Amino acid sequence: MPQDTEETVHPHDFAAELARQVYSDLTGVLTGGDDKDAFSVTAEGGAEGRSRALWLLLRAALAAHRALRFGLDNAFAEPHSEDVLDALSMLVPELAASADHATWHEQGERLATSISASEGDREALHQALARAIYRLYDGLRREDEVQGGRGLVELRTMLAHVDAAAQLGAAGPLSTVVRPDRFHDDFLRYVEVAQNHAADAQQAVATLQRDGRITAIVTQDVHPVEQARETLADDQYAERLRIEALLDFLSALRRSASDDPLLRACSENETAFTALVTAAATVPLRGQAGFEYAALAQITRYNLRLLQSAAAQQARAH
């Protein structure tokens, strides 16, 4: 990460170096688990719109740089779109040359607005990204490892999710995200109820197991899936939509006999399974269309990295 944020560092240099570093940190997450440089993959994905995440990152970096130099008031100032494109031109000249200022700004804004809306409009994406960058560098210059570390984790997490959303293009609004811990609990309770509703049963139906497999059971009156839905409150439509999309996703993978090592790990390892379920709480989901493999796998890889790191730190502490 660039250490110096004084006037000697040009904002474009600061933004470009930050982008290269944070994308490098996510190599193996944004690249299907291989070692191909994540920044190169993003730059090459310009035609598909994936690089809109890069546009948003550069915009936030310029805003954070200004706040680091001149102070932060109540909000981070919006940089001019021309400045963002200039920073992009330094970073990936051929990418910046492929679109004019208005197109980049418009598509970046559309992506940011869609993501913010899926999060309940708690905070504009530009502000959230800029705040993470500000926390990182303000912590570095004040030698506050806790604040700096928090900013870095927030930045990586947000970029992984923005990149996943950017892969879906502009096909419509994103579904509402939910808290990963609450979603994890709701998912397990939903599946448990569907399984246990077989008691005192008389009629054969199909139900879903915890790992997504379809199993024949018997029941009396209410289908077990309907019974499971009743465990969720009326205002938990977003949770139900995501739970059933995840079960459909797992079922489809098994029908296709996928040998994906990541998803195989999810069926064999509790930590990997937790990474998958918590990923399903926030991964971009298009209404009733379900999850796209690349986006769900990407956030699962990122969550698994975080969980494994936390477990390693805990083991060292003991």
# chains A, B, ... in the order shown; residues from 1 in each chain; ligands from 1
$ residues_around --residues "range 74-82 of chain A" --least-positions-apart "4" --cutoff "12 Å" --atoms "only C-alpha atoms" --output "NGL selection string"
:A and (11-12 or 15 or 55-68 or 70 or 86-89 or 96 or 100-109 or 123-134)
$ atom_distance --atom1 "CA of Thr231 in chain A" --atom2 "CA of Arg189 in chain A"
7.7 Å
$ residues_around --residues "Arg305 in chain A" --least-positions-apart "4" --cutoff "9 Å" --atoms "only C-alpha atoms" --output "VMD selection string"
chain A and resid 29 275 300 to 301 309 to 310
$ write_last_selection --atoms "N, CA and C atoms" --output "compact mmCIF listing (two decimals), in the first residue's frame"
# COMPACT_ATOMS: atom_id res chain seq x y z
N VAL A 29 -9.06 -14.88 -5.53
CA VAL A 29 -10.47 -14.70 -5.20
C VAL A 29 -11.24 -14.28 -6.45
N ALA A 275 -18.58 -20.68 4.73
CA ALA A 275 -18.19 -19.65 3.77
C ALA A 275 -19.20 -19.54 2.65
N THR A 300 -17.57 -16.88 -1.92
CA THR A 300 -17.26 -18.04 -1.07
C THR A 300 -15.76 -18.15 -0.87
N ARG A 301 -14.98 -18.00 -1.94
CA ARG A 301 -13.52 -18.05 -1.81
C ARG A 301 -13.03 -16.96 -0.86
N SER A 309 -8.08 -17.52 7.93
CA SER A 309 -7.14 -16.60 8.57
C SER A 309 -7.48 -16.41 10.04
N ALA A 310 -8.78 -16.25 10.33
CA ALA A 310 -9.21 -16.07 11.72
C ALA A 310 -8.88 -17.32 12.54
$ atom_distance --atom1 "CA of Leu247 in chain A" --atom2 "CA of Leu30 in chain A"
23.6 Å
$ residues_around --residues "Leu241 in chain A" --least-positions-apart "4" --cutoff "10 Å" --atoms "only C-alpha atoms" --output "JSON, numbers by chain"
{"A": [175, 176, 236, 237, 245, 246, 285, 287, 288, 290]}
$ write_last_selection --atoms "N, CA and C atoms" --output "mmCIF file, in the first residue's frame"
data_model
loop_
_atom_site.group_PDB
_atom_site.id
_atom_site.type_symbol
_atom_site.label_atom_id
_atom_site.label_comp_id
_atom_site.auth_asym_id
_atom_site.auth_seq_id
_atom_site.Cartn_x
_atom_site.Cartn_y
_atom_site.Cartn_z
ATOM 1 N N SER A 175 -31.045 -7.961 -5.700
ATOM 2 C CA SER A 175 -31.890 -8.305 -4.568
ATOM 3 C C SER A 175 -31.275 -7.797 -3.265
ATOM 4 N N THR A 176 -32.131 -7.547 -2.304
ATOM 5 C CA THR A 176 -31.694 -7.044 -1.011
ATOM 6 C C THR A 176 -30.739 -8.026 -0.338
ATOM 7 N N GLN A 236 -39.290 -11.224 6.025
ATOM 8 C CA GLN A 236 -38.036 -11.896 5.695
ATOM 9 C C GLN A 236 -38.076 -12.494 4.285
ATOM 10 N N TYR A 237 -38.724 -11.784 3.382
ATOM 11 C CA TYR A 237 -38.800 -12.257 2.003
ATOM 12 C C TYR A 237 -37.408 -12.393 1.388
ATOM 13 N N ALA A 245 -32.847 -19.950 -3.293
ATOM 14 C CA ALA A 245 -31.924 -19.847 -4.427
ATOM 15 C C ALA A 245 -30.657 -20.652 -4.163
ATOM 16 N N LEU A 246 -30.182 -20.644 -2.922
ATOM 17 C CA LEU A 246 -28.994 -21.425 -2.584
ATOM 18 C C LEU A 246 -29.278 -22.927 -2.682
ATOM 19 N N LEU A 285 -27.867 -11.159 -6.512
ATOM 20 C CA LEU A 285 -28.911 -12.123 -6.885
ATOM 21 C C LEU A 285 -29.963 -11.383 -7.678
ATOM 22 N N GLY A 287 -33.342 -11.188 -8.574
ATOM 23 C CA GLY A 287 -34.735 -11.560 -8.368
ATOM 24 C C GLY A 287 -34.915 -13.064 -8.278
ATOM 25 N N GLN A 288 -35.785 -13.606 -9.114
ATOM 26 C CA GLN A 288 -36.080 -15.037 -9.119
ATOM 27 C C GLN A 288 -35.091 -15.842 -9.959
ATOM 28 N N GLY A 290 -31.977 -16.547 -9.483
ATOM 29 C CA GLY A 290 -31.028 -17.363 -8.742
ATOM 30 C C GLY A 290 -29.606 -16.837 -8.806
#
$ atom_distance --atom1 "CA of Leu174 in chain A" --atom2 "CA of Val22 in chain A"
24.6 Å
$ residues_around --residues "Pro180 in chain A" --least-positions-apart "4" --cutoff "8 Å" --atoms "only C-alpha atoms" --output "list in words"
His184, Val277, Thr278, Ala279, Ala280, Ala281 and Thr282 of chain A
$ write_last_selection --atoms "all heavy atoms" --output "compact mmCIF listing (two decimals), in the first residue's frame"
# COMPACT_ATOMS: atom_id res chain seq x y z
N HIS A 184 -27.19 -17.23 7.91
CA HIS A 184 -26.66 -18.55 8.22
C HIS A 184 -27.60 -19.28 9.18
O HIS A 184 -27.95 -20.45 8.97
CB HIS A 184 -25.26 -18.41 8.84
CG HIS A 184 -24.62 -19.71 9.21
ND1 HIS A 184 -24.72 -20.25 10.47
CD2 HIS A 184 -23.87 -20.59 8.48
CE1 HIS A 184 -24.07 -21.40 10.50
NE2 HIS A 184 -23.53 -21.63 9.32
N VAL A 277 -22.49 -20.51 2.72
CA VAL A 277 -23.79 -20.03 3.20
C VAL A 277 -23.74 -18.53 3.48
O VAL A 277 -24.66 -17.79 3.10
CB VAL A 277 -24.22 -20.80 4.46
CG1 VAL A 277 -25.51 -20.22 5.03
CG2 VAL A 277 -24.43 -22.28 4.13
N THR A 278 -22.68 -18.06 4.12
CA THR A 278 -22.59 -16.62 4.39
C THR A 278 -22.40 -15.82 3.10
O THR A 278 -22.84 -14.68 3.01
CB THR A 278 -21.46 -16.31 5.39
OG1 THR A 278 -20.23 -16.91 4.92
CG2 THR A 278 -21.78 -16.86 6.76
N ALA A 279 -21.77 -16.41 2.11
CA ALA A 279 -21.64 -15.73 0.82
C ALA A 279 -23.01 -15.52 0.19
O ALA A 279 -23.29 -14.48 -0.40
CB ALA A 279 -20.75 -16.54 -0.12
N ALA A 280 -23.88 -16.51 0.34
CA ALA A 280 -25.22 -16.43 -0.26
C ALA A 280 -26.07 -15.32 0.36
O ALA A 280 -27.11 -14.97 -0.18
CB ALA A 280 -25.93 -17.77 -0.13
N ALA A 281 -25.63 -14.76 1.48
CA ALA A 281 -26.37 -13.67 2.11
C ALA A 281 -26.19 -12.36 1.38
O ALA A 281 -27.05 -11.48 1.45
CB ALA A 281 -25.93 -13.52 3.57
N THR A 282 -25.08 -12.20 0.67
CA THR A 282 -24.76 -10.89 0.08
C THR A 282 -24.42 -10.93 -1.40
O THR A 282 -24.33 -9.88 -2.02
CB THR A 282 -23.58 -10.25 0.84
OG1 THR A 282 -22.45 -11.14 0.78
CG2 THR A 282 -23.93 -9.97 2.28
